[in-house]
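Enquirer: One file is attached below, entry16.tsv, containing TSV, C-alpha atoms and all ligand atoms.
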chain	number	residue	atom	x	y	z
A	1	MET	CA	-4.48	-11.78	-3.84
A	2	LYS	CA	-1.08	-10.32	-4.63
A	3	ARG	CA	0.11	-7.24	-2.78
A	4	GLU	CA	0.15	-5.08	-5.96
A	5	THR	CA	-3.44	-6.05	-6.73
A	6	GLN	CA	-4.49	-5.31	-3.17
A	7	LEU	CA	-3.01	-1.82	-3.36
A	8	GLU	CA	-4.45	-1.12	-6.79
A	9	LEU	CA	-7.90	-2.11	-5.60
A	10	ALA	CA	-7.53	-0.14	-2.38
A	11	ARG	CA	-6.72	2.99	-4.39
A	12	VAL	CA	-9.66	2.44	-6.74
A	13	LEU	CA	-12.02	1.89	-3.82
A	14	GLN	CA	-10.77	4.95	-1.99
A	15	ALA	CA	-11.32	7.03	-5.11
A	16	TYR	CA	-14.91	5.74	-5.25
A	17	VAL	CA	-15.40	6.83	-1.63
A	18	ARG	CA	-13.95	10.25	-2.42
A	19	ASP	CA	-16.11	10.75	-5.51
A	20	GLY	CA	-19.22	9.05	-4.18
A	21	SER	CA	-19.15	6.62	-7.09
A	22	THR	CA	-18.73	2.92	-7.83
A	23	ALA	CA	-17.79	0.65	-10.74
A	24	GLN	CA	-20.26	1.26	-13.56
A	25	ALA	CA	-21.37	-0.86	-16.50
A	26	PRO	CA	-21.77	0.99	-19.81
A	27	ASP	CA	-25.54	0.60	-19.69
A	28	VAL	CA	-28.43	-0.87	-17.72
A	29	PHE	CA	-29.38	-4.44	-18.62
A	30	HIS	CA	-32.91	-5.76	-18.91
A	31	ASN	CA	-33.19	-9.49	-18.30
A	32	PRO	CA	-36.43	-11.35	-19.10
A	33	VAL	CA	-37.80	-12.81	-15.87
A	34	ALA	CA	-38.00	-16.14	-17.73
A	35	ALA	CA	-34.27	-16.46	-16.93
A	36	TYR	CA	-35.39	-17.26	-13.37
A	37	SER	CA	-38.71	-19.01	-13.99
A	38	ASP	CA	-38.84	-20.80	-17.30
A	39	THR	CA	-38.61	-24.59	-17.50
A	40	ALA	CA	-37.10	-24.65	-21.00
A	41	ARG	CA	-34.40	-22.23	-19.89
A	42	ALA	CA	-33.68	-24.42	-16.84
A	43	LEU	CA	-33.28	-27.47	-19.09
A	44	ALA	CA	-30.91	-25.59	-21.39
A	45	GLU	CA	-28.85	-24.54	-18.34
A	46	ARG	CA	-28.69	-28.12	-17.16
A	47	GLU	CA	-27.39	-29.36	-20.49
A	48	ARG	CA	-25.17	-26.51	-21.59
A	49	LEU	CA	-23.88	-25.13	-18.29
A	50	PHE	CA	-23.99	-27.88	-15.71
A	51	ARG	CA	-23.27	-30.83	-17.98
A	52	GLY	CA	-21.08	-29.01	-20.42
A	53	ARG	CA	-18.64	-26.99	-18.38
A	54	PRO	CA	-16.15	-27.44	-15.56
A	55	LEU	CA	-17.77	-27.12	-12.13
A	56	PHE	CA	-15.99	-26.09	-8.95
A	57	MET	CA	-16.61	-28.82	-6.37
A	58	GLY	CA	-14.75	-27.54	-3.34
A	59	MET	CA	-11.27	-27.00	-2.00
A	60	SER	CA	-8.73	-29.83	-2.13
A	61	CYS	CA	-8.73	-30.07	1.67
A	62	ARG	CA	-12.26	-31.53	1.53
A	63	LEU	CA	-10.58	-34.81	0.54
A	64	PRO	CA	-7.08	-34.56	1.99
A	65	LYS	CA	-6.09	-38.25	2.30
A	66	PRO	CA	-6.12	-41.28	-0.01
A	67	GLY	CA	-9.49	-43.00	0.41
A	68	ASP	CA	-11.39	-39.80	1.29
A	69	TYR	CA	-14.52	-39.56	-0.80
A	70	LEU	CA	-17.76	-37.70	-1.22
A	71	THR	CA	-20.89	-38.20	-3.28
A	72	GLU	CA	-23.31	-35.71	-4.75
A	73	GLU	CA	-25.99	-35.43	-7.36
A	74	ILE	CA	-25.82	-32.51	-9.78
A	75	ALA	CA	-27.99	-31.94	-12.84
A	76	GLY	CA	-29.29	-35.49	-12.61
A	77	VAL	CA	-25.83	-37.06	-12.39
A	78	PRO	CA	-24.94	-39.11	-9.29
A	79	LEU	CA	-21.23	-38.63	-8.84
A	80	LEU	CA	-18.41	-39.86	-6.66
A	81	LEU	CA	-15.23	-37.92	-5.91
A	82	VAL	CA	-12.37	-39.86	-4.37
A	83	ARG	CA	-8.69	-39.45	-3.69
A	84	GLY	CA	-6.73	-42.49	-4.84
A	85	GLN	CA	-3.82	-44.27	-3.18
A	86	ASP	CA	-1.61	-42.35	-5.60
A	87	GLY	CA	-2.95	-39.04	-4.20
A	88	LYS	CA	-4.81	-38.26	-7.41
A	89	LEU	CA	-8.33	-36.88	-7.21
A	90	ARG	CA	-10.77	-38.75	-9.47
A	91	ALA	CA	-14.43	-38.35	-10.32
A	92	PHE	CA	-16.80	-41.14	-11.39
A	93	ALA	CA	-20.44	-41.65	-12.18
A	94	ASN	CA	-21.72	-43.17	-8.93
A	95	ILE	CA	-23.44	-45.94	-10.87
A	96	CYS	CA	-22.64	-49.65	-10.46
A	97	ARG	CA	-21.86	-51.38	-13.73
A	98	HIS	CA	-24.02	-54.37	-12.71
A	99	ARG	CA	-27.50	-52.89	-12.40
A	100	GLY	CA	-26.89	-49.27	-11.58
A	101	ALA	CA	-27.03	-48.86	-7.80
A	102	PRO	CA	-24.91	-46.07	-6.29
A	103	VAL	CA	-21.73	-47.69	-5.02
A	104	ALA	CA	-21.09	-45.03	-2.34
A	105	SER	CA	-23.23	-42.74	-0.19
A	106	GLY	CA	-22.60	-39.57	1.76
A	107	CYS	CA	-18.96	-38.88	2.41
A	108	GLY	CA	-16.17	-40.46	4.41
A	109	HIS	CA	-13.15	-42.69	4.04
A	110	ALA	CA	-13.03	-45.98	2.13
A	111	ARG	CA	-10.49	-48.59	1.01
A	112	VAL	CA	-12.90	-50.06	-1.49
A	113	PHE	CA	-16.44	-49.34	-2.65
A	114	ALA	CA	-18.80	-52.28	-2.26
A	115	CYS	CA	-22.11	-51.88	-4.06
A	116	PRO	CA	-24.95	-52.25	-1.52
A	117	TYR	CA	-27.13	-54.24	-3.97
A	118	HIS	CA	-25.15	-57.39	-4.83
A	119	GLY	CA	-21.72	-56.56	-3.53
A	120	TRP	CA	-19.68	-55.85	-6.63
A	121	THR	CA	-16.54	-54.06	-5.47
A	122	TYR	CA	-14.54	-51.22	-6.96
A	123	GLY	CA	-11.12	-49.82	-6.10
A	124	LEU	CA	-10.44	-46.17	-5.32
A	125	ASP	CA	-9.30	-45.82	-8.93
A	126	GLY	CA	-12.72	-47.01	-10.12
A	127	ARG	CA	-11.55	-50.43	-11.27
A	128	LEU	CA	-14.00	-53.31	-10.83
A	129	THR	CA	-12.20	-55.62	-8.41
A	130	GLY	CA	-14.78	-58.21	-7.45
A	131	ILE	CA	-17.94	-59.91	-8.74
A	132	PRO	CA	-19.56	-62.29	-6.26
A	133	GLU	CA	-20.59	-65.53	-8.04
A	134	ALA	CA	-18.43	-64.46	-10.94
A	135	ALA	CA	-19.16	-67.70	-12.80
A	136	SER	CA	-22.66	-66.36	-13.50
A	137	PHE	CA	-21.22	-63.50	-15.53
A	138	PRO	CA	-19.30	-65.18	-18.32
A	139	GLY	CA	-17.89	-62.70	-20.80
A	140	VAL	CA	-18.25	-59.75	-18.41
A	141	ASP	CA	-14.70	-58.50	-18.43
A	142	LYS	CA	-13.70	-56.81	-15.19
A	143	ALA	CA	-11.14	-54.61	-16.91
A	144	SER	CA	-13.78	-52.85	-19.00
A	145	HIS	CA	-16.47	-52.59	-16.29
A	146	GLY	CA	-14.98	-50.07	-13.93
A	147	LEU	CA	-16.94	-47.01	-12.79
A	148	ALA	CA	-17.35	-44.50	-15.63
A	149	PRO	CA	-14.72	-41.80	-15.11
A	150	LEU	CA	-15.62	-38.12	-15.34
A	151	PRO	CA	-13.13	-35.39	-16.23
A	152	ALA	CA	-11.51	-33.90	-13.12
A	153	GLY	CA	-8.75	-31.46	-12.30
A	154	GLU	CA	-7.09	-30.12	-9.21
A	155	GLY	CA	-4.95	-27.03	-8.81
A	156	HIS	CA	-4.48	-23.89	-6.69
A	157	GLY	CA	-6.20	-25.78	-3.85
A	158	MET	CA	-9.38	-26.36	-5.86
A	159	ILE	CA	-11.23	-29.35	-7.25
A	160	VAL	CA	-12.99	-29.01	-10.60
A	161	ILE	CA	-14.96	-31.69	-12.47
A	162	ARG	CA	-17.16	-32.01	-15.54
A	163	LEU	CA	-20.38	-34.00	-15.68
A	164	ALA	CA	-19.80	-35.68	-19.00
A	165	THR	CA	-18.01	-38.89	-19.88
A	166	GLY	CA	-15.35	-38.96	-22.55
A	167	ALA	CA	-11.87	-37.61	-23.11
A	168	PRO	CA	-9.99	-35.63	-22.08
A	169	LEU	CA	-10.28	-36.80	-18.49
A	170	GLU	CA	-7.89	-34.16	-17.24
A	171	ILE	CA	-9.25	-30.64	-16.70
A	172	ASP	CA	-6.72	-27.84	-17.03
A	173	VAL	CA	-7.57	-25.80	-13.93
A	174	ASP	CA	-5.32	-22.90	-14.97
A	175	ALA	CA	-7.08	-22.56	-18.29
A	176	HIS	CA	-10.44	-22.78	-16.53
A	177	LEU	CA	-9.55	-20.01	-14.06
A	178	SER	CA	-8.87	-17.52	-16.89
A	179	GLY	CA	-6.09	-15.60	-15.16
A	180	LEU	CA	-7.20	-16.00	-11.53
A	181	SER	CA	-4.66	-18.73	-10.69
A	182	GLU	CA	-1.92	-16.43	-9.47
A	183	GLU	CA	-4.35	-14.48	-7.36
A	184	PHE	CA	-5.59	-17.70	-5.72
A	185	ASP	CA	-2.02	-18.90	-5.19
A	186	ALA	CA	-1.24	-15.70	-3.35
A	187	TYR	CA	-3.90	-16.66	-0.78
A	188	ARG	CA	-2.14	-20.04	-0.42
A	189	PHE	CA	-5.43	-21.90	-0.84
A	190	ALA	CA	-3.52	-25.14	-1.42
A	191	GLY	CA	-2.61	-25.12	2.28
A	192	TYR	CA	-6.15	-24.36	3.54
A	193	SER	CA	-8.15	-26.57	5.90
A	194	TYR	CA	-11.80	-27.54	5.78
A	195	PHE	CA	-13.79	-26.24	8.77
A	196	ALA	CA	-17.47	-27.06	8.13
A	197	SER	CA	-20.21	-26.95	5.53
A	198	GLU	CA	-23.94	-27.38	5.16
A	199	TRP	CA	-26.63	-27.69	2.52
A	200	MET	CA	-29.73	-25.57	2.31
A	201	ALA	CA	-32.69	-25.77	-0.06
A	202	PRO	CA	-34.23	-22.34	-0.57
A	203	ALA	CA	-37.21	-21.89	-2.91
A	204	ILE	CA	-35.23	-19.68	-5.29
A	205	ASN	CA	-33.70	-20.05	-8.71
A	206	TRP	CA	-30.00	-20.99	-8.41
A	207	LYS	CA	-28.97	-17.77	-10.18
A	208	PHE	CA	-30.61	-15.59	-7.59
A	209	GLY	CA	-28.34	-17.29	-5.06
A	210	ILE	CA	-25.41	-15.88	-7.03
A	211	ASP	CA	-26.95	-12.49	-7.76
A	212	THR	CA	-27.19	-11.72	-4.08
A	213	PHE	CA	-23.39	-11.68	-3.72
A	214	LEU	CA	-22.64	-9.49	-6.70
A	215	GLU	CA	-23.56	-5.98	-5.61
A	216	ALA	CA	-23.41	-3.75	-2.54
A	217	TYR	CA	-26.35	-1.66	-3.72
A	218	HIS	CA	-28.72	-3.67	-1.51
A	219	LEU	CA	-26.73	-3.36	1.71
A	220	PRO	CA	-28.22	-0.13	3.12
A	221	ALA	CA	-31.83	-1.30	2.65
A	222	LEU	CA	-31.88	-5.08	3.11
A	223	HIS	CA	-28.96	-5.42	5.53
A	224	ARG	CA	-29.55	-2.20	7.43
A	225	ASN	CA	-28.93	-3.76	10.82
A	226	THR	CA	-26.43	-6.49	9.94
A	227	VAL	CA	-23.88	-5.90	7.18
A	228	ALA	CA	-24.57	-2.27	6.31
A	229	PRO	CA	-22.74	-0.85	9.37
A	230	LEU	CA	-19.63	-2.85	8.32
A	231	ILE	CA	-19.45	-2.63	4.52
A	232	ARG	CA	-20.01	0.45	2.39
A	233	GLY	CA	-23.24	0.37	0.42
A	234	ASN	CA	-23.38	0.86	-3.34
A	235	LEU	CA	-19.62	0.82	-3.67
A	236	GLY	CA	-17.41	-1.81	-5.26
A	237	ALA	CA	-14.74	-2.48	-7.85
A	238	PHE	CA	-15.45	-4.99	-10.60
A	239	ASP	CA	-13.00	-6.95	-12.76
A	240	ALA	CA	-13.85	-9.61	-15.32
A	241	TYR	CA	-11.67	-12.70	-15.79
A	242	GLY	CA	-13.05	-14.33	-18.91
A	243	GLU	CA	-16.38	-15.81	-17.87
A	244	HIS	CA	-15.59	-15.29	-14.19
A	245	GLY	CA	-15.62	-12.06	-12.24
A	246	ARG	CA	-14.28	-10.42	-9.10
A	247	MET	CA	-16.25	-7.89	-7.11
A	248	THR	CA	-14.39	-6.11	-4.30
A	249	PHE	CA	-16.20	-4.34	-1.50
A	250	LEU	CA	-14.85	-1.98	1.12
A	251	ARG	CA	-15.29	-2.11	4.88
A	252	PHE	CA	-15.76	1.11	6.81
A	253	SER	CA	-12.70	0.05	8.78
A	254	SER	CA	-10.57	1.09	5.78
A	255	THR	CA	-10.38	4.51	7.43
A	256	ALA	CA	-7.38	2.85	9.10
A	257	TRP	CA	-5.51	3.74	5.89
A	258	ASP	CA	-6.19	7.46	6.27
A	259	GLY	CA	-3.08	9.55	6.69
A	260	LYS	CA	-0.70	6.61	6.09
A	261	PRO	CA	1.47	6.05	3.03
A	262	ASP	CA	0.01	3.19	1.01
A	263	ALA	CA	3.14	1.07	1.56
A	264	GLU	CA	1.85	0.73	5.14
A	265	TRP	CA	-1.74	-0.18	4.26
A	266	GLU	CA	-2.93	-3.53	5.41
A	267	VAL	CA	-5.53	-4.20	2.74
A	268	LEU	CA	-7.15	-7.61	3.16
A	269	PRO	CA	-8.77	-6.97	6.57
A	270	HIS	CA	-10.59	-3.98	5.11
A	271	ILE	CA	-12.00	-5.41	1.87
A	272	VAL	CA	-14.23	-8.32	0.89
A	273	ALA	CA	-13.26	-10.06	-2.34
A	274	VAL	CA	-16.09	-11.94	-4.03
A	275	TYR	CA	-15.11	-14.25	-6.90
A	276	ARG	CA	-17.83	-15.60	-9.15
A	277	LEU	CA	-16.73	-18.71	-11.02
A	278	MET	CA	-18.78	-19.79	-14.00
A	279	PRO	CA	-21.33	-21.21	-13.82
A	280	ASN	CA	-22.49	-21.68	-10.24
A	281	THR	CA	-19.89	-20.77	-7.62
A	282	VAL	CA	-19.18	-17.80	-5.41
A	283	LEU	CA	-15.99	-17.63	-3.34
A	284	VAL	CA	-15.93	-14.97	-0.65
A	285	PHE	CA	-12.55	-14.10	0.82
A	286	GLN	CA	-13.21	-12.37	4.14
A	287	SER	CA	-10.10	-10.92	5.81
A	288	ASP	CA	-8.62	-14.19	7.02
A	289	HIS	CA	-10.67	-17.09	5.65
A	290	LEU	CA	-12.61	-18.38	2.64
A	291	GLU	CA	-16.33	-19.04	2.30
A	292	THR	CA	-17.66	-20.89	-0.74
A	293	TRP	CA	-21.21	-21.10	-2.07
A	294	ARG	CA	-22.21	-23.62	-4.73
A	295	MET	CA	-25.64	-23.17	-6.25
A	296	ILE	CA	-27.20	-26.33	-7.70
A	297	PRO	CA	-30.44	-26.10	-9.71
A	298	GLY	CA	-33.38	-27.94	-8.13
A	299	GLU	CA	-36.01	-30.03	-9.89
A	300	THR	CA	-37.92	-26.93	-11.01
A	301	PRO	CA	-36.68	-23.40	-11.82
A	302	ASP	CA	-37.92	-22.13	-8.45
A	303	ARG	CA	-35.87	-24.55	-6.35
A	304	SER	CA	-32.19	-24.90	-5.65
A	305	ARG	CA	-29.80	-26.67	-3.35
A	306	ILE	CA	-26.98	-24.55	-2.06
A	307	GLU	CA	-23.84	-25.65	-0.27
A	308	PHE	CA	-22.06	-23.27	2.04
A	309	ALA	CA	-18.54	-24.29	3.04
A	310	PHE	CA	-16.00	-22.60	5.26
A	311	TYR	CA	-12.23	-22.98	4.96
A	312	THR	CA	-9.46	-21.64	7.18
A	313	PRO	CA	-5.77	-20.96	6.54
A	314	ALA	CA	-4.75	-23.44	9.27
A	315	PRO	CA	-6.59	-26.31	10.97
A	316	ALA	CA	-8.75	-25.25	13.92
A	317	THR	CA	-7.07	-27.28	16.61
A	318	THR	CA	-7.98	-25.37	19.77
A	319	ASP	CA	-11.35	-24.54	21.35
A	320	LYS	CA	-10.52	-20.88	20.98
A	321	ALA	CA	-9.87	-21.23	17.24
A	322	ARG	CA	-12.99	-23.34	16.75
A	323	ALA	CA	-15.13	-20.79	18.60
A	324	TYR	CA	-13.68	-17.94	16.54
A	325	TRP	CA	-14.36	-19.64	13.21
A	326	LYS	CA	-17.78	-20.88	14.31
A	327	LYS	CA	-18.81	-17.32	15.11
A	328	ASN	CA	-17.75	-16.21	11.61
A	329	TYR	CA	-19.45	-19.24	10.05
A	330	ASP	CA	-22.75	-18.54	11.82
A	331	LEU	CA	-22.64	-14.86	10.94
A	332	ALA	CA	-22.14	-15.52	7.22
A	333	ILE	CA	-24.91	-18.04	6.99
A	334	LYS	CA	-27.39	-16.18	9.15
A	335	THR	CA	-27.31	-12.96	7.14
A	336	VAL	CA	-27.69	-14.78	3.84
A	337	LEU	CA	-30.44	-17.13	5.02
A	338	ASP	CA	-32.45	-14.69	7.12
A	339	GLU	CA	-32.17	-11.69	4.84
A	340	ASP	CA	-31.06	-12.47	1.23
A	341	PHE	CA	-32.67	-15.86	0.69
A	342	ALA	CA	-35.76	-15.04	2.76
A	343	LEU	CA	-36.49	-12.08	0.50
A	344	GLY	CA	-35.38	-14.09	-2.54
A	345	GLU	CA	-38.09	-16.69	-1.89
A	346	ARG	CA	-40.70	-13.95	-1.98
A	347	MET	CA	-39.15	-12.49	-5.15
A	348	GLN	CA	-39.21	-15.92	-6.77
A	349	ARG	CA	-42.99	-16.06	-6.25
A	350	GLY	CA	-43.24	-12.81	-8.19
A	351	PHE	CA	-41.05	-14.29	-10.94
A	352	MET	CA	-43.40	-17.29	-11.16
A	353	SER	CA	-46.59	-15.20	-11.06
A	354	GLY	CA	-46.71	-14.41	-14.76
A	355	LEU	CA	-47.18	-10.74	-13.86
A	356	GLN	CA	-43.55	-9.71	-14.16
A	357	ASP	CA	-41.77	-9.56	-17.48
A	358	GLU	CA	-38.24	-8.50	-16.59
A	359	VAL	CA	-35.70	-7.54	-13.97
A	360	ILE	CA	-33.32	-4.61	-14.42
A	361	TYR	CA	-29.65	-4.51	-13.41
A	362	GLY	CA	-28.40	-0.94	-12.99
A	363	ARG	CA	-25.10	0.49	-14.19
A	364	ASN	CA	-24.02	0.25	-10.55
A	365	GLU	CA	-24.45	-3.56	-10.74
A	366	PRO	CA	-21.77	-4.41	-13.33
A	367	ALA	CA	-20.95	-7.84	-11.89
A	368	LEU	CA	-24.59	-8.90	-12.31
A	369	ILE	CA	-24.63	-7.67	-15.88
A	370	HIS	CA	-21.40	-9.52	-16.66
A	371	PHE	CA	-22.78	-12.73	-15.10
A	372	HIS	CA	-26.07	-12.68	-16.98
A	373	GLN	CA	-24.53	-11.63	-20.29
A	374	ARG	CA	-22.00	-14.45	-20.01
A	375	LEU	CA	-24.79	-16.89	-19.23
A	376	GLN	CA	-26.73	-15.77	-22.28
A	377	ALA	CA	-23.61	-16.18	-24.45
A	378	ALA	CA	-22.91	-19.64	-23.03
A	379	LEU	CA	-26.49	-20.77	-23.52
A	380	GLY	CA	-26.67	-19.54	-27.07
A	381	PRO	CA	-29.90	-18.96	-28.93
A	382	ALA	CA	-33.00	-20.36	-27.20
B	401	LIG	S1	-26.24	-53.16	-8.78
B	401	LIG	FE1	-24.29	-53.09	-7.91
B	401	LIG	S2	-23.83	-55.12	-7.45
B	401	LIG	FE2	-25.75	-55.23	-8.41
B	402	FE	FE	-26.99	-9.65	0.74
The structure in this file should be written as structure tokens.
Expert:
Amino acid sequence: MKRETQLELARVLQAYVRDGSTAQAPDVFHNPVAAYSDTARALAERERLFRGRPLFMGMSCRLPKPGDYLTEEIAGVPLLLVRGQDGKLRAFANICRHRGAPVASGCGHARVFACPYHGWTYGLDGRLTGIPEAASFPGVDKASHGLAPLPAGEGHGMIVIRLATGAPLEIDVDAHLSGLSEEFDAYRFAGYSYFASEWMAPAINWKFGIDTFLEAYHLPALHRNTVAPLIRGNLGAFDAYGEHGRMTFLRFSSTAWDGKPDAEWEVLPHIVAVYRLMPNTVLVFQSDHLETWRMIPGETPDRSRIEFAFYTPAPATTDKARAYWKKNYDLAIKTVLDEDFALGERMQRGFMSGLQDEVIYGRNEPALIHFHQRLQAALGPA
């Protein structure tokens, strides 16, 4: 975040403290509970959001060297991300052109991908390089039987892909970020290091996973003993960037600014910047590091898979650094799992009960309203 933006936000947040207010949407928003529980809605999301739009996959430092790869399955698509010998990040359908086995599993480092079924081999650029007993496959041209490429892009330290074959294969990350590029560059994300990550599988709709990061209204009640003593409840600034949004929260420690000219304010240690990237990603910049959350829809509307990842401005090379980051990592995950998602699982049962027709987002929850309105617009008529 650029210094001018930091100061602007700090002033806005201080004014909210002074006036006892927060960013407000023009009106409350009523969302049918079907958004979180309906199977037809989940299918539409899969097609129009997850298969139709660029998806944030992680920071570039997940795959720093040629040959580094990872596999995932999103919206029914097995996919392979790999950095080529030329340094370029590519995405492929993880589907062998012989009979469809996944050519790679998990994550790691490879020079070549050998299909576990019959041993067809593929280069890091997806090209089919070897067919055992090739004489049995007359007319099967290696040049046209590489792994199916998926559109991918990399920029500002981020990897973005799209789960659809066909041109163009290059994703314009700047265009996708709708004006957030400069802000991300100011954090120097391109130089960040991967610390750790993990997957969880809460019994919640993927959108609830996002909702939980978008307002500070719930801090005093739900996080009474954890986050509430650190971050001001029901107070935040909201800014929309196209389909994405930024919510900024204020730590009580911002009293450090009191009585000082703003030129002397150190801003980042006293705010929490939460970026929501359409459709399924939340980036949380906390003082000195980045946490990312990717929400992946599960098989049914009441299930999701969520990846938490933690990135640091420099590699953690000493025990002291590792212990410091690990403490932050554990704290972030514990609050969300034990408090937000634990309650979310119980809320989801209410959503599925048939006895609830809507949820309401208040004027003090503008980031939630923006998110759900943008989803509705992207999904189009039912
Ligand atoms: S399915 Fe991959 S080699 Fe047969
Ligand atoms: Fe929370």
Enquirer: Write as a list in words the residues around ligand FE 402 (chain B), taking 7 Å as the cut-off and counting only C-alpha atoms and all ligand atoms.
Expert: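 Those residues are Thr212, Phe213, His218, Leu219, His223, Val336, Glu339 and Asp340 of chain A.
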Enquirer: At a cut-off of 10 Å, using all atoms listed in the file, what residues contact A:Pro64? Leave out same-chain residues fewer than 4 positions from it and give the result as a PDB file with C-alpha atoms, in the coordinates of the input.
Expert:
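Okay, selection-v4.pdb is ready:
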ATOM      1  CA  MET A  59     -11.270 -27.000  -2.000  1.00  0.00           C
ATOM      2  CA  SER A  60      -8.730 -29.830  -2.130  1.00  0.00           C
ATOM      3  CA  ASP A  68     -11.390 -39.800   1.290  1.00  0.00           C
ATOM      4  CA  TYR A  69     -14.520 -39.560  -0.800  1.00  0.00           C
ATOM      5  CA  VAL A  82     -12.370 -39.860  -4.370  1.00  0.00           C
ATOM      6  CA  ARG A  83      -8.690 -39.450  -3.690  1.00  0.00           C
ATOM      7  CA  GLY A  87      -2.950 -39.040  -4.200  1.00  0.00           C
ATOM      8  CA  LEU A  89      -8.330 -36.880  -7.210  1.00  0.00           C
ATOM      9  CA  SER A 193      -8.150 -26.570   5.900  1.00  0.00           C
ATOM     10  CA  TYR A 194     -11.800 -27.540   5.780  1.00  0.00           C
TER      11      TYR A 194
END
Enquirer: When distances are computed from only C-alpha atoms, which of A:Asp288, A:Asp258, A:Glu365, A:Glu299 shows the smallest separation from A:Trp325?
Expert: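 Between A:Asp288, A:Asp258, A:Glu365, A:Glu299, the residue approaching A:Trp325 most closely is A:Asp288.
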Enquirer: Need the shell around A:Glu183: protein/DNA/RNA residues with any atom at most 12 Å away, counting only C-alpha atoms. Skip same-chain ones fewer than 5 positions apart. Format as a list of chain:residue names?
Expert: A:Met1, A:Lys2, A:Arg3, A:Glu4, A:Thr5, A:Gln6, A:His156, A:Gly157, A:Asp174, A:Leu177, A:Ser178, A:Arg188, A:Phe189, A:Tyr241, A:Arg246, A:Ala273, A:Tyr275, A:Phe285
Enquirer: Please determine the residues with any atom at most 9 Å from (-24.5, -26.3, -16.1) (coordinates as given in the file, with all atoms listed in the file counting) and report them as a list in words.
Expert: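 Residues lying no farther than 9 Å from the given point: Ala44, Glu45, Arg46, Glu47, Arg48, Leu49, Phe50, Arg51, Gly52, Arg53, Pro54, Leu55, Ile74, Ala75, Leu163, Met278, Pro279, Asn280, Ile296 and Pro297 of chain A.
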Enquirer: Sorted by chain and rising residue number, list the residues of chain A at most 6 Å from ligand LIG 401 (chain B) (counting all atoms listed in the file), each with its closest atom pair and distance in Å to one decimal, as JSON lines.
Expert:
{"residue": "A:Cys96", "atom": "CA", "partner": "B:LIG401", "partner_atom": "FE1", "distance": 4.6}
{"residue": "A:His98", "atom": "CA", "partner": "B:LIG401", "partner_atom": "S1", "distance": 4.7}
{"residue": "A:Arg99", "atom": "CA", "partner": "B:LIG401", "partner_atom": "S1", "distance": 3.8}
{"residue": "A:Gly100", "atom": "CA", "partner": "B:LIG401", "partner_atom": "S1", "distance": 4.8}
{"residue": "A:Ala101", "atom": "CA", "partner": "B:LIG401", "partner_atom": "S1", "distance": 4.5}
{"residue": "A:Cys115", "atom": "CA", "partner": "B:LIG401", "partner_atom": "FE1", "distance": 4.6}
{"residue": "A:Tyr117", "atom": "CA", "partner": "B:LIG401", "partner_atom": "FE2", "distance": 4.8}
{"residue": "A:His118", "atom": "CA", "partner": "B:LIG401", "partner_atom": "S2", "distance": 3.7}
{"residue": "A:Gly119", "atom": "CA", "partner": "B:LIG401", "partner_atom": "S2", "distance": 4.7}
{"residue": "A:Trp120", "atom": "CA", "partner": "B:LIG401", "partner_atom": "S2", "distance": 4.3}
Enquirer: When you count all atoms listed in the file, which of these residues is closest to A:Phe29: A:Leu70, A:Ala378, A:Ile369, A:Ile271?
Expert: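 Residue with the minimum atom-to-atom distance to A:Phe29: A:Ile369.
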Enquirer: To one decimal place, how far is atom CA of A:Ile204 from atom CA of A:Glu345 in Å?
Expert: 5.4 Å
Enquirer: Just checking: using all atoms listed in the file, which residue out of A:Trp265, A:Trp293, A:Phe56, A:Phe351 ends up closest to A:Ile159?
Expert: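 Nearest candidate to A:Ile159 out of A:Trp265, A:Trp293, A:Phe56, A:Phe351: A:Phe56.
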